[in-house]
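Presented below is the structure to which this report refers.
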Amino acid sequence: MNAANSAPARGFHRQRWDPGSFCFTGLTGLATLLILLILAVILGNVVFHGWSGLSLRFVTGGTQADMFDVDKAGVWPMIFGTAARVILMTLFVIPVGVITAIYLHEYAYGQSLLTRFIRGAVNNLAGVPSIVFGLFGLGFFISFVGGSLDTVFHRDNPEPIWGKPAILWASLTLSVMTLPVVIVATEEALRAIGPGLREASLALGATKLQTIARIVLPNALPGILTGGILAVSRAAGEVAPILFTGAAYFMADLPGSLTDQFMDLGYHIFVLSTQSPNVEKTRPILYATVLVLLLLTFALNLVAILIRARMRRSRRATH
Amino acid sequence: MGLGRGYRARPLEWVAEKTVFLVSLTAILMVFLIFLFVTREAMPILLGRMNSAAVQETIPVEKMESLAPEQLQAYLGLSRQEFAAKDKETLKLLMEIKVEAAAEAPDDKDARVNTTEWRYLLGPYQWTGYPKPDYIWQPISAIHKYNIVPLVLGSLKATVVALLFAVPLALGAAIFVSQLCPAWLKEWVKPAIELLAGVPSVVLGFFALIVMATVLQRVFGYESRLNAFVAGIALGLASLPVIFSIAEDALTSVPRSYTEAALALGSSRWQAAWQIVLPAAIPGVFAAVVLGFGRAIGETMVVLMASGNASIMSASLFDSTRTITATIAAELAEAVFGGHHYRILFLLGAVLFVVTFLSNLIADLVIHRLKARLEGRR
C-alpha cells in the first residue's frame with residue numbers, strides 16, 4: 001500500500017488529534033458555520049417576510065402610481081426594465097468576450113508582454129468599483145458618445161436625444177463591467193476541450209479558422225452559455241452603474257426605444273428602502289421585491305451551475 | 001504570427017486573426033478609456049481652473065453686446081442647447097439677475113474664497129460660523145465647502161471594520177474548506193459560500209438597513225442606528241466571498257506533496273495546514289486580503305443605505321459616517337452638469353479608480369509570482 005492507492009489523504013478520524021489541533025480545527029469549522037448561518041438568516045428573513053407579498057398580480061402588474069400601495073403594487077415594469085437592459089447587455093458582451101477569450105487561448109503567445117497586458121486589463125476591469133463604472137457611463141457613453149451623436153444628427157434640436165440617460169448606455173456600461181466574467185468562463189471552457197480535438201482537426205487539413213469555428217466553438221458552447229448566464233445574474237443585481245445612466249423610479253410606460261429610461265428591480269429596492277413615505281406600510285412590498293430579485297439571481301446561478309456540472313460529467317465520460 | 005508562408009494563400013485566415021486580435025484589445029482600451037474619461041471631467045479641478053467662490057466678478061448689463069456668444073454662454077452658465085433656445089430679452093434678464101444676486105451675496109469673508117483650491121480640498125479651514133478650523137464637506141450651501149477628508153475617513157472606517165470582520169471568517173473558512181474538511185462536505189460547503197457572492201449588494205444593504213441595524217443597536221446600545229459599524233459589517237459580508245475564493249484557491253494550489261510529507265512525519269491535519277501549507281500560500285492570502293480591501297472600499301449600495309450618510313469627522317465607529325462612494329452616488333444627480341460640484345465628484349471617482357487599480361495590480365503581481373514559485377518556475 002502506497003500513497004497513490006490509499007484513501008484520499010487520511011480521513012478525519014485517522015489523524016493525530018492533539019488538543020491544539022482539535023481547538024483550531026473546531027474554530028475554523030465554526031467560522032465556516034457562521035458564514036453559512038448568516039447567509040441562511042438573510043435568505044430566511046427575506047423569504048419569511050416576502051413570501052406573503054408574492055402573487056401573480058405582483059409580478060405581472062403594477063403602475064408607478066400604485067408603487068407605494070400595498071394592495072395594488074406590482075413589479076412588472078421593474079422586471080421588464082431589468083430583463084431588457086440585461087438582454088441588451090448580452091448582445092454586446094458575449095461577442096466581444098468570446099472573441100477575446102479565443103484570442104487569449106488560441107492565438108496568443110502565452111507569456112508575451114501583450115498577452116499579460118490583456119490579462120492584466122481583464123483582471124483590473126473585474127476590480128473597478130461599480131460606481132466608477134457609473135461615472136464612466138456618464139462621462140463617456142452619455143456625454144461623449146451620446147453628445148457627439150446629438151451634434152452630428154440632431155444639431156438643431158435643443159433637447160438632447162442621445163446624450164441623456166438611456167437604456168442603451170446603461171446596457172453598454174454593464175457590458176464593460178461584466179466582460180471579465182464572460183472572458184474567464186469562455187477561457188475555462190476552451191481549456192477544458194483539450195488539445196486532442198484541435199490537433200485531430202488540423203491533422204485532417206482544416207485551417208485554424210475552420211477548427212475554431214466548426215469544432216472548438218460548438219464544443220465550448222455550454223461554457224460560453226455559463227459565462228453569459230453568470231454575467232446576466234451579476235448585472236441584474238447591480239444598481240450603482242445604472243444610477244445615473246438610465247434608471248428611473250417613475251416611468252409612465254415601459255421603455256419603448258433605445259433612448260428611453262427604464263425602471264429596475266434593484267433600484268426599486270433602494271428607493272423603497274430609503275425614500276418610502278411610510279416605512280411600515282411599504283415593508284411587505286419591499287420584502288416581496290427583494291424576494292423577486294433574489295429568486296431571479298439564484299435561478300440564473302443555479303442554471304449556470306447545472307450546466308457546468310453536466311459539462312464536467314460529460315467531459316469525464318469522454319476522456 | 002503563425003501562418004508562415006500561407007498568408008497569401010489564405011487571406012480569410014489572416015483577416016480573421018487580425019480581427020480577433022483587434023477585438024481583444026477592447027479590454028485594455030476600456031481600462032484606458034475609463035481612466036481617461038473619468039479624469040477628463042475632473043481635469044479642471046486638478047488644474048485649478050475652476051472658481052467656486054460665492055461671489056464672482058459680474059459683468060454689467062450694458063457690456064452684453066461686447067461679449068462673444070461663447071463668452072456670454074459661459075458667463076451665464078448655460079449649455080449650448082439652452083443658450084440657443086433663449087432670445088436676447090431673456091439673456092438680458094439673466095444678466096440682470098446675476099448682478100442682483102451678486103449684490104445680495106453673503107457678506108462673508110469666505111464668499112470670495114475659491115473653494116476648489118487644493119488647500120481647501122485637503123486642509124482644515126476656519127469657516128465663518130464654526131467654532132474652530134475644521135474639515136467640512138458641505139457642497140449644498142451658499143458657500144460650497146469641498147473638503148474631502150471626512151469622506152476619505154468615512155471610507156477607511158467602514159473598510160477597516162469590514163476587513164476586521166471578514167478576514168478572520170473568510171480565512172478560517174478557507175483553511176477549513178481546503179485543508180481540514182472531508183471531501184464530501186467540501187462539495188456542499190464551497191458552493192454554499194459562493195452563493196453569498198451571488199447576493200446583490202443592494203440586498204445586503206437592504207438587510208443591513210432594515211434588520212441588522214436594529215439588532216446591532218439593541219445588542220451594543222449605541223446612539224445612531226446607522227453608522228460605520230453596521231455598514232462595515234455589511235461591507236464585510238460583501239467582500240467575504242472574494243477573500244474566501246482567492247484564499248481557498250491559493251491554499252489548494254499548494255502541491256499535495258507538502259501536506260502528505262507532513263502527515264507522513266506524524267503531524268495532524270491542522271498542524272500541516274498551519275505550519276506548512278499556509279506559509280507556502282501566504283502571498284495568495286495576502287492578495288486575497290488586498291482584493292477584499294479593494295472590493296470593500298469600492299462598494300456603493302451597502303454604504304449608501306447603511307452608513308447614515310452624515311459627513312462628520314469622528315474617530316468613533318459608532319457615529320454616522322459618509323463614504324466616498326455614497327457621496328458620489330447620492331450627490332451626482334443634483335450636481336449641475338459641468339459645474340464644480342460635478343467635477344469634484346468625478347475627482348473622487350478618479351481617486352477611487354486609482355486606489356483600486358493599484359491594489360489590483362499588487363494583488364495580481366503577488367499571485368502571479370506565487371503560482372510561478374509553486375509550479376517550480378522560480
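Residues in the C-alpha cells are numbered from 1 in each chain, the chains being A, B, ... in the order shown, and ligands are numbered from 1 in the order shown.
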Notebook entry, point to check: If we count only C-alpha atoms, what is near stretch 192-203 of chain A at a cut-off of 10 Å, once residues fewer than 4 positions away on the same chain are taken out, given as number ranges by chain?
Noted result: A: 186-188, 207-208, 210-212, 214-217, 219-220, 223, 311-312, 315, 319
Within 6 Å of stretch 144-158 of chain B, counting only C-alpha atoms, which residues show up once you throw out same-chain ones fewer than 4 positions away? Write them as a PDB file with N, CA, C and O atoms, in the first residue's frame, please.
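Dumped everything to result.pdb:
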```pdb
ATOM      1  N   TYR B 120      -8.186  73.977   0.237  1.00  0.00           N
ATOM      2  CA  TYR B 120      -9.481  73.790   0.895  1.00  0.00           C
ATOM      3  C   TYR B 120     -10.013  72.382   0.726  1.00  0.00           C
ATOM      4  O   TYR B 120     -10.859  71.935   1.479  1.00  0.00           O
ATOM      5  N   LEU B 121      -9.509  71.682  -0.312  1.00  0.00           N
ATOM      6  CA  LEU B 121      -9.966  70.319  -0.512  1.00  0.00           C
ATOM      7  C   LEU B 121      -9.374  69.391   0.542  1.00  0.00           C
ATOM      8  O   LEU B 121      -9.980  68.409   0.926  1.00  0.00           O
ATOM      9  N   LEU B 122      -8.159  69.711   0.976  1.00  0.00           N
ATOM     10  CA  LEU B 122      -7.476  68.769   1.846  1.00  0.00           C
ATOM     11  C   LEU B 122      -7.217  69.280   3.262  1.00  0.00           C
ATOM     12  O   LEU B 122      -7.104  68.508   4.185  1.00  0.00           O
ATOM     13  N   TYR B 135     -12.588  70.276   9.024  1.00  0.00           N
ATOM     14  CA  TYR B 135     -12.709  69.720   7.672  1.00  0.00           C
ATOM     15  C   TYR B 135     -14.194  69.559   7.384  1.00  0.00           C
ATOM     16  O   TYR B 135     -14.855  68.722   7.970  1.00  0.00           O
ATOM     17  N   ILE B 136     -14.717  70.362   6.478  1.00  0.00           N
ATOM     18  CA  ILE B 136     -16.172  70.325   6.246  1.00  0.00           C
ATOM     19  C   ILE B 136     -16.460  69.948   4.801  1.00  0.00           C
ATOM     20  O   ILE B 136     -15.889  70.527   3.884  1.00  0.00           O
ATOM     21  N   TRP B 137     -17.373  68.984   4.613  1.00  0.00           N
ATOM     22  CA  TRP B 137     -17.867  68.679   3.269  1.00  0.00           C
ATOM     23  C   TRP B 137     -19.319  69.124   3.232  1.00  0.00           C
ATOM     24  O   TRP B 137     -20.182  68.494   3.818  1.00  0.00           O
ATOM     25  N   GLN B 138     -19.579  70.224   2.564  1.00  0.00           N
ATOM     26  CA  GLN B 138     -20.954  70.730   2.538  1.00  0.00           C
ATOM     27  C   GLN B 138     -21.179  71.430   1.207  1.00  0.00           C
ATOM     28  O   GLN B 138     -21.187  72.656   1.145  1.00  0.00           O
ATOM     29  N   PRO B 139     -21.363  70.657   0.127  1.00  0.00           N
ATOM     30  CA  PRO B 139     -21.446  71.286  -1.196  1.00  0.00           C
ATOM     31  C   PRO B 139     -22.710  72.113  -1.385  1.00  0.00           C
ATOM     32  O   PRO B 139     -22.702  73.075  -2.125  1.00  0.00           O
ATOM     33  N   ALA B 228     -20.897  53.601  10.931  1.00  0.00           N
ATOM     34  CA  ALA B 228     -19.800  52.921  10.249  1.00  0.00           C
ATOM     35  C   ALA B 228     -19.741  51.455  10.651  1.00  0.00           C
ATOM     36  O   ALA B 228     -19.338  50.599   9.859  1.00  0.00           O
ATOM     37  N   GLY B 232     -19.971  48.648   8.094  1.00  0.00           N
ATOM     38  CA  GLY B 232     -18.769  47.842   7.984  1.00  0.00           C
ATOM     39  C   GLY B 232     -19.065  46.352   8.012  1.00  0.00           C
ATOM     40  O   GLY B 232     -18.473  45.570   7.258  1.00  0.00           O
ATOM     41  N   SER B 311     -21.634  63.517   6.875  1.00  0.00           N
ATOM     42  CA  SER B 311     -20.195  63.666   6.656  1.00  0.00           C
ATOM     43  C   SER B 311     -19.573  64.437   7.810  1.00  0.00           C
ATOM     44  O   SER B 311     -19.385  65.640   7.742  1.00  0.00           O
ATOM     45  N   ILE B 312     -19.288  63.709   8.888  1.00  0.00           N
ATOM     46  CA  ILE B 312     -18.657  64.350  10.039  1.00  0.00           C
ATOM     47  C   ILE B 312     -17.311  63.696  10.289  1.00  0.00           C
ATOM     48  O   ILE B 312     -17.102  62.538   9.972  1.00  0.00           O
ATOM     49  N   MET B 313     -16.408  64.474  10.878  1.00  0.00           N
ATOM     50  CA  MET B 313     -15.099  63.940  11.211  1.00  0.00           C
ATOM     51  C   MET B 313     -15.188  63.348  12.608  1.00  0.00           C
ATOM     52  O   MET B 313     -15.347  64.071  13.571  1.00  0.00           O
ATOM     53  N   THR B 321     -21.630  57.998   9.321  1.00  0.00           N
ATOM     54  CA  THR B 321     -20.487  58.402   8.520  1.00  0.00           C
ATOM     55  C   THR B 321     -20.843  58.385   7.050  1.00  0.00           C
ATOM     56  O   THR B 321     -21.882  57.885   6.644  1.00  0.00           O
ATOM     57  N   ARG B 322     -19.995  58.975   6.237  1.00  0.00           N
ATOM     58  CA  ARG B 322     -20.251  59.036   4.807  1.00  0.00           C
ATOM     59  C   ARG B 322     -19.003  58.645   4.053  1.00  0.00           C
ATOM     60  O   ARG B 322     -17.933  59.116   4.356  1.00  0.00           O
ATOM     61  N   THR B 323     -19.175  57.775   3.074  1.00  0.00           N
ATOM     62  CA  THR B 323     -18.009  57.329   2.325  1.00  0.00           C
ATOM     63  C   THR B 323     -17.951  58.028   0.971  1.00  0.00           C
ATOM     64  O   THR B 323     -18.881  58.675   0.541  1.00  0.00           O
ATOM     65  N   ILE B 324     -16.808  57.849   0.320  1.00  0.00           N
ATOM     66  CA  ILE B 324     -16.600  58.437  -0.997  1.00  0.00           C
ATOM     67  C   ILE B 324     -17.668  57.941  -1.970  1.00  0.00           C
ATOM     68  O   ILE B 324     -18.314  58.717  -2.679  1.00  0.00           O
TER      69      ILE B 324
END
```
Next item on the list: Just the residues within 12 Å of A:Phe140, please, counting only C-alpha atoms, with nothing from its chain fewer than 5 positions along; format it as an MDAnalysis selection string.
Entry: (chainID A and resid 132:135 145:148 163:165 169:170 172:173 245) or (chainID B and resid 30 32:41)
Next item on the list: Enumerate as a ChimeraX atom specification the residues belonging to chain B that approach chain A to within 6 Å, with only C-alpha atoms taken into account.
Entry: /B:20,24,27-28,34,37-38,81,169,172-173,176,200,268,270,298,349
Kindly export the residues of the current selection with C-alpha atoms, as a PDB file, in the first residue's frame.
```pdb
ATOM      1  CA  VAL B  20      -9.737  38.677 -33.337  1.00  0.00           C
ATOM      2  CA  SER B  24      -9.356  41.506 -27.820  1.00  0.00           C
ATOM      3  CA  ALA B  27     -10.210  45.109 -22.593  1.00  0.00           C
ATOM      4  CA  ILE B  28      -7.088  47.273 -22.497  1.00  0.00           C
ATOM      5  CA  ILE B  34     -12.375  54.586 -18.000  1.00  0.00           C
ATOM      6  CA  PHE B  37     -12.953  59.926 -19.247  1.00  0.00           C
ATOM      7  CA  VAL B  38     -13.326  59.983 -15.503  1.00  0.00           C
ATOM      8  CA  GLN B  81     -28.810  73.955 -26.318  1.00  0.00           C
ATOM      9  CA  LEU B 169     -14.015  34.489   8.988  1.00  0.00           C
ATOM     10  CA  GLY B 172     -10.789  30.438   8.751  1.00  0.00           C
ATOM     11  CA  ALA B 173     -13.358  29.078   6.342  1.00  0.00           C
ATOM     12  CA  PHE B 176     -11.188  24.618   6.840  1.00  0.00           C
ATOM     13  CA  PRO B 200     -26.646  41.515  -4.917  1.00  0.00           C
ATOM     14  CA  SER B 268      -2.150  16.287  12.406  1.00  0.00           C
ATOM     15  CA  TRP B 270      -4.239  21.204  11.427  1.00  0.00           C
ATOM     16  CA  GLY B 298     -15.404  50.484  -3.826  1.00  0.00           C
ATOM     17  CA  GLY B 349     -14.227  58.762  -8.655  1.00  0.00           C
TER      18      GLY B 349
END
```
Next item on the list: Please run DSSP on the backbone and report, as number ranges by chain, all residues within stretch 143-178 of chain B that come out as helix (DSSP H, G or I).
Entry: B: 149-178
Check: How far is it from atom CA of B:Ile362 to atom CA of B:Pro283, in Å with one decimal?
Finding: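 Taking atom CA of B:Ile362 and atom CA of B:Pro283, their separation equals 10.6 Å.
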Next item on the list: Choose the residue, out of A:Pro277, A:Thr60, A:Gly205, A:His268, that has the smallest atom-to-atom separation from B:Phe206; count only C-alpha atoms.
Entry: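 Going through A:Pro277, A:Thr60, A:Gly205, A:His268 one by one, the smallest distance to B:Phe206 is for A:His268.
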Checklist line | Residues of stretch 97-217 of chain B in strand (DSSP E), written as a VMD selection string | finding: chain B and resid 137 to 138 145 to 146
Same residues, N, CA and C atoms, output as a tab-separated table (two decimals), in the first residue's frame:
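Wrote it out as out.tsv, contents follow:
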```tsv
chain	number	residue	atom	x	y	z
B	137	TRP	N	-17.37	68.98	4.61
B	137	TRP	CA	-17.87	68.68	3.27
B	137	TRP	C	-19.32	69.12	3.23
B	138	GLN	N	-19.58	70.22	2.56
B	138	GLN	CA	-20.95	70.73	2.54
B	138	GLN	C	-21.18	71.43	1.21
B	145	LYS	N	-18.45	74.05	0.46
B	145	LYS	CA	-17.26	73.54	1.13
B	145	LYS	C	-16.97	72.14	0.62
B	146	TYR	N	-15.79	71.97	0.05
B	146	TYR	CA	-15.49	70.72	-0.64
B	146	TYR	C	-14.37	69.92	-0.01
```
Margin query: Taking 3 positions as the minimum chain separation for residues in the same chain, which residues sit within 9 Å of B:Leu237 when counting only C-alpha atoms? Answer as a PyMOL selection string.
Written below: (chain A and resi 35+38) or (chain B and resi 162+165-166+196-197+204+232-234+240-241)
Next item on the list: Select, from A:Val41, A:Val292, A:Gly246, A:Ala206, the residue with the minimum atom-to-atom distance to B:Arg10, counting only C-alpha atoms.
Entry: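 Among the listed residues, the smallest separation from B:Arg10 belongs to A:Ala206.
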Next item on the list: May I ask for the distance between atom CA of A:Trp162 and atom CA of B:Thr300, given in Å to one decimal place?
Entry: 26.9 Å
Check: Distance atom CA of B:Gln275-atom CA of B:Ala170, one decimal place?
Finding: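 Distance reported for this atom pair: 18.6 Å.
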Checklist line | Using only C-alpha atoms: which of A:Glu106, A:Asp264, A:Asp71, A:Asp253 has the shortest distance to A:Val86 | finding: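 Result for the nearest residue to A:Val86: A:Asp264.
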